Number of protein chains: 2
Amino acid sequence: MRCGAGIDARMVDELAINIDPIQAGGRLTADAMKAVIAYGDGYSVCDNCRKPNRLDYITKPPIAEFHKDLASWLNMDSARVVPGARRGFQAVAHTYVKKGDPVLLTSLSHYTEFLAIEEAGGTACEIPAGDRHIVTADAAAATIEEVKKQHGRAPALAFIDHVDYQYGNVHDVQVIAQVAHQYDIPVLYNGAYTVGIMPVDGKNLGVDFVVGSGHKSMAAPAPSGVLAATAERAKEVFRTTAITGDKTGRQFGIKEPEMMGCTLMGVTLVGMMASFPHVQERVKHFDRELENAGIVAGALRSITGTTILSEFPRKHTLTRVDTTASFDTVAQTHKKRGFFLSTALNEKGVTGIIPGATRVWKYNTYGMTNAQAQYVVQVFVDIAQENGLKTG
Amino acid sequence: MRCGAGIDARMVDELAINIDPIQAGGRLTADAMKAVIAYGDGYSVCDNCRKPNRLDYITKPPIAEFHKDLASWLNMDSARVVPGARRGFQAVAHTYVKKGDPVLLTSLSHYTEFLAIEEAGGTACEIPAGDRHIVTADAAAATIEEVKKQHGRAPALAFIDHVDYQYGNVHDVQVIAQVAHQYDIPVLYNGAYTVGIMPVDGKNLGVDFVVGSGHKSMAAPAPSGVLAATAERAKEVFRTTAITGDKTGRQFGIKEPEMMGCTLMGVTLVGMMASFPHVQERVKHFDRELENAGIVAGALRSITGTTILSEFPRKHTLTRVDTTASFDTVAQTHKKRGFFLSTALNEKGVTGIIPGATRVWKYNTYGMTNAQAQYVVQVFVDIAQENGLKTG
């Protein structure tokens with residue numbers, strides 16, 4: 001089935017249990033699917049845009065209300081929607097980082113945080129994660145002191161991932177933020193794997209900014225995301241335009257330069273809004289998600305030679321596993337080589353791991369029912385046993 | 001009908017002829033509508049993302065091919081998709097404009113070009129459009145000389161709108177670009193109202209960058225757009241990342257900092273791709289669009305007191321009209337005041353003008369059939385006559 005010349009209709013989550021590490025939290029809800037159908041056209045949310053002509057002031061559809069609800073849900077003072085978490089990083093980096101400024105992030109930080117620093121002209125200073133792949137407040141403090149010695153000043157900004165993309169480990173943002181604030185460093189909480197997945201309380205965490213990803217974790221179409229700020233920081237990052245036309249004297253009202261004016265003018269925003277009540281509800285049940293994460297990780301560990309590289313017990317559904325001493329030994333002699341694993345999984349209705357990967361790989365159990373998790377467990381154990389690996 | 005809590009399903013283009021100035025070129029094609037249904041989920045285009053892990057290298061769906069086709073269609077060397085034309089402006093401004101640099105644009109430039117300059121720390125220098133609201137190469141040359149005197153250097157960059165958003169007038173980008181190049185100023189062609197609407201040939205225009213808007217003019221969901229560049233400029237604006245992790249030594253491959261890595265990871269891109277063959281075809285028939293623009297503008301002019309403020313005959317479908325001496329005289333005594341016009345239009349199945357506007361307003365006839373244009377003509381004339389205005 002095609003949906004355009006050369007474009008096959010995508011049927012992934014419809015046909016299989018998808019354990020792709022980045023896709024699980026971005027599957028649309030049924031309401032979001034209806035919203036993309038109704039609001040697919042380009043500037044679809046602009047029908048009732050009136051003065052002062054800014055996206056977050058539109059009341060029909062209820063975009064203004066959504067912005068307030070989003071800020072309040074994250075326990076922050078202001079929120080804006082952005083085309084992906086990365087555009088939130090960019091706006092904040094651009095506001096605080098001057099050429100040559102040191103910027104704090106971690107050895108597990110996502111590449112988009114590095115790009116935001118690079119684009120603003122800053123220097124990336126990593127807090128090392130330590131042997132257990134956990135970023136601690138002590139390591140943050142030591143790194144800030146190092147940076148001060150080396151650069152003669154404290155970092156201009158800190159990016160801290162609550163849950164990192166490599167291990168899905170949970171890092172102590174709250175205490176790290178306290179440390180950073182002792183040096184007056186604004187703290188950006190990267191919630192790409194948490195906002196929309198588990199409860200996030202910005203004020204309680206004591207951070208200056210909360211960034212979330214719509215397409216990664218809020219059941220929204222891409223590119224979408226949220227940047228929330230405290231009242232104090234909102235004045236800085238959401239400052240309004242000051243430029244004027246030198247000949248015409250034109251001014252541009254309350255448009256915000258870091259947002260480049262309006263951000264998500266159609267399907268992405270309404271998709272996010274339609275999913276929002278469901279996302280607000282689902283974060284309350286993260287314990288069920290952890291239960292599923294636990295039984296799948298447990299099953300993988302039961303295959304002799306397999307190591308869960310993420311912290312265990314799991315505190316998040318994104319998990320990194322090392323099967324070099326289990327599935328990869330099969331790949332050495334299997335006629336399909338490393339592809340045997342993804343092929344076998346696909347044949348049994350499980351998709352989302354990189355074809356050919358049998359050494360270190362990631363998966364995500366988010367959004368499964370318990371029955372699906374039990375089924376995935378059985379699939380992994382069956383594939384192991386069918387290929388002569390020991391289990392139990 | 002609702003598509004989520006508090007969100008009414010949008011039925012605008014389904015129920016009426018929509019003459020909204022910014023929405024006409026962004027209505028989805030049927031293929032794009034299928035694509036948004038099939039690719040609504042967050043990271044939907046990432047199923048087959050393999051090394052080197054960048055959006056424009058994905059071959060299934062055929063994203064790599066689309067990027068090549070897009071560049072070739074615009075007669076440029078490289079193209080990237082971006083979350084709206086404004087993000088193309090931002091990337092280019094950020095590459096060329098340093099703090100305090102003068103930047104050329106026009107007295108009819110869109111606010112997002114001003115924001116891009118502001119965000120990069122530049123100063124906006126407007127080329128005045130002249131009495132007929134047309135930007136000429138002479139005015140460009142004079143402004144560059146002025147800037148040189150005032151700032152001690154030529155502008156760092158020029159933004160030239162081929163068709164401006166205020167009047168829908170066509171400006172002579174080709175000659176303006178020649179003038180700018182005499183001063184070694186890179187030229188960004190703003191095709192927000194042309195790319196996807198009429199043929200655009202970047203090399204023939206002699207510009208360094210072509211920017212287009214998916215949601216404004218390419219029948220794509222928002223936010224989407226294209227930034228195309230010559231081979232020489234592509235090396236600058238699409239340079240790859242050079243940042244490294246200071247502790248881990250991590251590098252980030254061929255990700256592009258001005259793009260913030262990948263840009264449109266799902267529905268927006270596939271919507272754009274699905275519409276692309278139709279968009280390629282429709283630009284060949286811009287003459288039919290101009291015919292419709294002409295008959296609607298002609299009918300409005302036939303209402304005594306009405307002036308078409310845009311150049312006439314029309315060279316674009318976006319048109320600015322002054323009805324202060326016609327419809328606004330009705331509004332003075334009508335019980336619905338200024339709302340009588342939009343109300344009457346809506347009752348007759350024509351939508352898209354700002355409710356209450358009876359003085360200076362804009363409309364766009366793009367995408368109408370000839371029969372629809374004839375119908376719109378009749379509607380305007382009928383409303384005029386029903387309210388005692390003279391026509392003919």
# chains A, B, ... in the order shown; residues from 1 in each chain; ligands from 1

$ residues_around --residues "region 149-160 of chain B" --least-positions-apart "3" --cutoff "7 Å" --atoms "only C-alpha atoms" --output "list in words"
Tyr96, Val97, Asp101, Pro102, Val103, Leu104, Leu105, Thr106, Ile144, Glu145, Glu146, Val173, Tyr183, Ile185, Pro186, Val187, Leu188, Tyr189 and Asn190 of chain B

$ write_last_selection --atoms "N, CA and C atoms" --output "mmCIF file, in the first residue's frame"
data_model
loop_
_atom_site.group_PDB
_atom_site.id
_atom_site.type_symbol
_atom_site.label_atom_id
_atom_site.label_comp_id
_atom_site.auth_asym_id
_atom_site.auth_seq_id
_atom_site.Cartn_x
_atom_site.Cartn_y
_atom_site.Cartn_z
ATOM 1 N N TYR B 96 26.487 33.619 8.703
ATOM 2 C CA TYR B 96 27.178 34.759 8.072
ATOM 3 C C TYR B 96 27.184 36.044 8.891
ATOM 4 N N VAL B 97 26.252 36.165 9.816
ATOM 5 C CA VAL B 97 26.083 37.450 10.509
ATOM 6 C C VAL B 97 26.748 37.417 11.882
ATOM 7 N N ASP B 101 26.846 43.290 12.656
ATOM 8 C CA ASP B 101 26.892 43.322 11.188
ATOM 9 C C ASP B 101 25.611 43.907 10.599
ATOM 10 N N PRO B 102 25.739 44.757 9.583
ATOM 11 C CA PRO B 102 24.552 45.174 8.853
ATOM 12 C C PRO B 102 24.062 44.042 7.947
ATOM 13 N N VAL B 103 22.760 43.891 7.864
ATOM 14 C CA VAL B 103 22.163 42.857 7.010
ATOM 15 C C VAL B 103 21.068 43.510 6.164
ATOM 16 N N LEU B 104 21.099 43.184 4.894
ATOM 17 C CA LEU B 104 20.152 43.776 3.961
ATOM 18 C C LEU B 104 18.852 42.972 3.917
ATOM 19 N N LEU B 105 17.740 43.676 3.943
ATOM 20 C CA LEU B 105 16.465 43.053 3.621
ATOM 21 C C LEU B 105 15.605 44.176 3.032
ATOM 22 N N THR B 106 14.310 44.015 2.950
ATOM 23 C CA THR B 106 13.543 45.066 2.276
ATOM 24 C C THR B 106 12.454 45.616 3.191
ATOM 25 N N ILE B 144 22.931 49.639 -0.354
ATOM 26 C CA ILE B 144 24.240 49.046 -0.030
ATOM 27 C C ILE B 144 25.286 50.157 0.139
ATOM 28 N N GLU B 145 25.258 51.126 -0.735
ATOM 29 C CA GLU B 145 26.217 52.246 -0.625
ATOM 30 C C GLU B 145 26.016 53.011 0.693
ATOM 31 N N GLU B 146 24.757 53.251 1.025
ATOM 32 C CA GLU B 146 24.420 53.895 2.306
ATOM 33 C C GLU B 146 24.972 53.107 3.493
ATOM 34 N N VAL B 173 14.551 39.763 -8.123
ATOM 35 C CA VAL B 173 15.634 39.153 -7.350
ATOM 36 C C VAL B 173 16.885 38.978 -8.200
ATOM 37 N N TYR B 183 29.222 43.289 -4.413
ATOM 38 C CA TYR B 183 29.796 43.616 -3.099
ATOM 39 C C TYR B 183 30.094 42.345 -2.286
ATOM 40 N N ILE B 185 28.124 40.046 -1.323
ATOM 41 C CA ILE B 185 27.101 39.762 -0.309
ATOM 42 C C ILE B 185 26.352 38.491 -0.693
ATOM 43 N N PRO B 186 26.359 37.476 0.162
ATOM 44 C CA PRO B 186 25.550 36.284 -0.136
ATOM 45 C C PRO B 186 24.065 36.647 -0.153
ATOM 46 N N VAL B 187 23.338 36.058 -1.087
ATOM 47 C CA VAL B 187 21.918 36.400 -1.253
ATOM 48 C C VAL B 187 21.030 35.206 -0.919
ATOM 49 N N LEU B 188 20.137 35.420 0.028
ATOM 50 C CA LEU B 188 19.122 34.422 0.355
ATOM 51 C C LEU B 188 17.819 34.812 -0.333
ATOM 52 N N TYR B 189 17.355 33.932 -1.188
ATOM 53 C CA TYR B 189 16.093 34.112 -1.896
ATOM 54 C C TYR B 189 14.986 33.574 -1.012
ATOM 55 N N ASN B 190 14.101 34.437 -0.567
ATOM 56 C CA ASN B 190 12.965 33.991 0.231
ATOM 57 C C ASN B 190 11.820 33.620 -0.711
#

$ residues_around --residues "Thr143 (chain B)" --least-positions-apart "2" --cutoff "9 Å" --atoms "only C-alpha atoms" --output "NGL selection string"
:B and (104 or 125-128 or 138-141 or 145-148)

$ residues_around --residues "region 353-358 of chain A" --least-positions-apart "2" --cutoff "9 Å" --atoms "only C-alpha atoms" --output "compact mmCIF listing (two decimals) with N, CA and C atoms, in the first residue's frame"
# COMPACT_ATOMS: atom_id res chain seq x y z
N ASN A 18 6.65 -3.05 19.01
CA ASN A 18 7.82 -2.26 18.62
C ASN A 18 8.65 -1.89 19.85
N ILE A 19 9.87 -2.42 19.91
CA ILE A 19 10.73 -2.12 21.06
C ILE A 19 11.87 -1.16 20.68
N ASP A 20 11.67 -0.41 19.60
CA ASP A 20 12.65 0.59 19.19
C ASP A 20 12.93 1.55 20.36
N PRO A 21 14.20 1.83 20.62
CA PRO A 21 14.51 2.67 21.80
C PRO A 21 13.94 4.08 21.75
N ASP A 322 24.00 -6.10 26.75
CA ASP A 322 25.17 -6.66 26.07
C ASP A 322 24.95 -8.16 25.87
N THR A 323 24.81 -8.55 24.60
CA THR A 323 24.58 -9.97 24.29
C THR A 323 25.76 -10.55 23.51
N THR A 324 26.94 -9.93 23.71
CA THR A 324 28.15 -10.42 23.03
C THR A 324 28.44 -11.88 23.39
N SER A 326 26.21 -14.01 24.35
CA SER A 326 25.05 -14.90 24.16
C SER A 326 24.64 -14.87 22.68
N PHE A 327 23.77 -13.95 22.28
CA PHE A 327 23.30 -13.94 20.89
C PHE A 327 24.43 -13.78 19.88
N ASP A 328 25.48 -13.03 20.26
CA ASP A 328 26.56 -12.83 19.28
C ASP A 328 27.34 -14.13 19.03
N THR A 329 27.37 -15.02 19.98
CA THR A 329 28.06 -16.30 19.75
C THR A 329 27.29 -17.11 18.70
N VAL A 330 25.98 -16.98 18.70
CA VAL A 330 25.15 -17.64 17.68
C VAL A 330 25.46 -17.05 16.30
N ALA A 331 25.55 -15.68 16.27
CA ALA A 331 25.77 -14.97 15.01
C ALA A 331 27.05 -15.43 14.31
N LYS A 336 22.58 -16.53 8.73
CA LYS A 336 22.15 -15.11 8.60
C LYS A 336 23.08 -14.17 9.36
N ARG A 337 24.16 -14.70 9.93
CA ARG A 337 25.09 -13.91 10.73
C ARG A 337 24.30 -13.10 11.78
N GLY A 338 24.73 -11.88 12.00
CA GLY A 338 24.08 -11.06 13.04
C GLY A 338 22.62 -10.78 12.79
N PHE A 339 22.19 -10.97 11.56
CA PHE A 339 20.80 -10.65 11.24
C PHE A 339 19.81 -11.69 11.76
N PHE A 340 20.36 -12.82 12.27
CA PHE A 340 19.45 -13.87 12.73
C PHE A 340 18.52 -13.34 13.84
N LEU A 341 19.07 -12.47 14.70
CA LEU A 341 18.27 -12.05 15.87
C LEU A 341 17.09 -11.16 15.46
N SER A 342 17.40 -10.10 14.69
CA SER A 342 16.29 -9.21 14.30
C SER A 342 15.29 -9.97 13.42
N THR A 343 15.80 -10.88 12.56
CA THR A 343 14.91 -11.67 11.71
C THR A 343 14.00 -12.56 12.55
N LEU A 345 13.18 -12.18 15.68
CA LEU A 345 12.24 -11.33 16.43
C LEU A 345 11.09 -10.90 15.52
N VAL A 350 8.03 -9.14 16.83
CA VAL A 350 8.68 -8.12 17.67
C VAL A 350 9.65 -7.35 16.77
N THR A 351 9.53 -6.04 16.76
CA THR A 351 10.37 -5.25 15.87
C THR A 351 11.04 -4.11 16.63
N VAL A 360 26.04 -5.01 21.55
CA VAL A 360 25.44 -4.06 22.49
C VAL A 360 24.30 -3.34 21.78
N TRP A 361 23.12 -3.41 22.34
CA TRP A 361 21.98 -2.76 21.69
C TRP A 361 21.00 -2.26 22.75
N LYS A 362 20.03 -1.51 22.28
CA LYS A 362 19.06 -0.90 23.20
C LYS A 362 17.64 -1.29 22.79
N TYR A 363 16.78 -1.27 23.75
CA TYR A 363 15.36 -1.48 23.47
C TYR A 363 14.55 -0.70 24.49
N ASP B 47 12.60 4.21 11.05
CA ASP B 47 12.62 2.74 11.09
C ASP B 47 13.87 2.17 10.43
N ASN B 48 14.27 2.79 9.34
CA ASN B 48 15.40 2.25 8.58
C ASN B 48 16.58 3.23 8.56
N CYS B 49 16.76 3.94 9.63
CA CYS B 49 17.91 4.84 9.75
C CYS B 49 19.15 4.02 10.08
N ARG B 50 20.13 4.08 9.19
CA ARG B 50 21.37 3.32 9.41
C ARG B 50 22.53 4.30 9.34

$ atom_distance --atom1 "CA of Arg132 (chain B)" --atom2 "CA of Ile308 (chain B)"
11.7 Å

$ closest_residue --among "A:Gly225, A:Pro257, A:Gly202, A:Gly168" --to "chain B" --atoms "only C-alpha atoms"
A:Pro257

$ closest_residue --among "A:Met1, A:Ile63, A:Ala219, A:Ile243" --to "His278 (chain A)" --atoms "only C-alpha atoms"
A:Ala219

$ atom_distance --atom1 "CA of Met259 (chain B)" --atom2 "CA of Val210 (chain B)"
15.4 Å

$ select_by_dssp --residues "region 135-168 of chain A" --states "helix (DSSP H, G or I)" --output "number ranges by chain"
A: 137-151

$ write_last_selection --atoms "C-alpha atoms" --output "CSV table (one decimal), in the first residue's frame"
chain,number,residue,atom,x,y,z
A,137,ALA,CA,26.4,15.7,42.2
A,138,ASP,CA,29.9,15.1,43.5
A,139,ALA,CA,31.2,14.7,39.9
A,140,ALA,CA,29.3,17.8,38.9
A,141,ALA,CA,30.9,19.8,41.7
A,142,ALA,CA,34.4,18.5,40.8
A,143,THR,CA,33.8,19.3,37.1
A,144,ILE,CA,32.6,22.9,37.8
A,145,GLU,CA,35.8,23.4,39.9
A,146,GLU,CA,37.9,22.1,37.1
A,147,VAL,CA,36.2,24.3,34.6
A,148,LYS,CA,36.7,27.4,36.8
A,149,LYS,CA,40.4,26.6,37.0
A,150,GLN,CA,40.7,26.0,33.3
A,151,HIS,CA,38.5,28.8,32.0

$ atom_distance --atom1 "CA of Asp161 (chain A)" --atom2 "CA of Tyr43 (chain B)"
19.8 Å

$ closest_residue --among "B:Val270, B:Cys46, B:Ala16, B:Ala222" --to "chain A" --atoms "only C-alpha atoms"
B:Ala222

$ select_by_dssp --residues "region 226-333 of chain B" --states "strand (DSSP E)" --output "PDB file with N, CA and C atoms, in the first residue's frame"
ATOM      1  N   VAL B 226      12.222  24.231   3.218  1.00  0.00           N
ATOM      2  CA  VAL B 226      13.429  23.768   2.549  1.00  0.00           C
ATOM      3  C   VAL B 226      14.450  24.895   2.555  1.00  0.00           C
ATOM      4  N   LEU B 227      15.714  24.511   2.739  1.00  0.00           N
ATOM      5  CA  LEU B 227      16.839  25.429   2.571  1.00  0.00           C
ATOM      6  C   LEU B 227      17.765  24.780   1.551  1.00  0.00           C
ATOM      7  N   ALA B 228      17.907  25.427   0.394  1.00  0.00           N
ATOM      8  CA  ALA B 228      18.797  24.913  -0.653  1.00  0.00           C
ATOM      9  C   ALA B 228      19.948  25.892  -0.834  1.00  0.00           C
ATOM     10  N   ALA B 229      21.089  25.364  -1.263  1.00  0.00           N
ATOM     11  CA  ALA B 229      22.281  26.205  -1.364  1.00  0.00           C
ATOM     12  C   ALA B 229      23.106  25.811  -2.568  1.00  0.00           C
ATOM     13  N   THR B 307      -9.872  49.643  -4.364  1.00  0.00           N
ATOM     14  CA  THR B 307      -8.573  49.737  -5.022  1.00  0.00           C
ATOM     15  C   THR B 307      -7.754  48.476  -4.742  1.00  0.00           C
ATOM     16  N   ILE B 308      -7.182  47.909  -5.783  1.00  0.00           N
ATOM     17  CA  ILE B 308      -6.221  46.822  -5.593  1.00  0.00           C
ATOM     18  C   ILE B 308      -4.884  47.500  -5.281  1.00  0.00           C
ATOM     19  N   LEU B 318      -1.631  36.134  -4.239  1.00  0.00           N
ATOM     20  CA  LEU B 318      -1.806  36.857  -2.970  1.00  0.00           C
ATOM     21  C   LEU B 318      -2.023  38.327  -3.290  1.00  0.00           C
ATOM     22  N   THR B 319      -3.114  38.892  -2.808  1.00  0.00           N
ATOM     23  CA  THR B 319      -3.488  40.247  -3.229  1.00  0.00           C
ATOM     24  C   THR B 319      -3.959  41.077  -2.042  1.00  0.00           C
ATOM     25  N   ARG B 320      -3.557  42.354  -2.070  1.00  0.00           N
ATOM     26  CA  ARG B 320      -3.945  43.284  -1.001  1.00  0.00           C
ATOM     27  C   ARG B 320      -4.917  44.284  -1.607  1.00  0.00           C
ATOM     28  N   VAL B 321      -5.997  44.486  -0.911  1.00  0.00           N
ATOM     29  CA  VAL B 321      -7.067  45.313  -1.470  1.00  0.00           C
ATOM     30  C   VAL B 321      -7.509  46.362  -0.441  1.00  0.00           C
ATOM     31  N   ASP B 322      -7.920  47.507  -0.929  1.00  0.00           N
ATOM     32  CA  ASP B 322      -8.404  48.573  -0.057  1.00  0.00           C
ATOM     33  C   ASP B 322      -9.879  48.798  -0.347  1.00  0.00           C
TER      34      ASP B 322
END

$ closest_residue --among "B:Arg301, B:Lys216, B:Lys284, B:Lys99" --to "chain A" --atoms "only C-alpha atoms"
B:Lys216

$ residues_around --residues "Ala299 (chain A)" --least-positions-apart "6" --cutoff "9 Å" --atoms "only C-alpha atoms" --output "PyMOL selection string"
chain A and resi 377-378+380-381+391-392
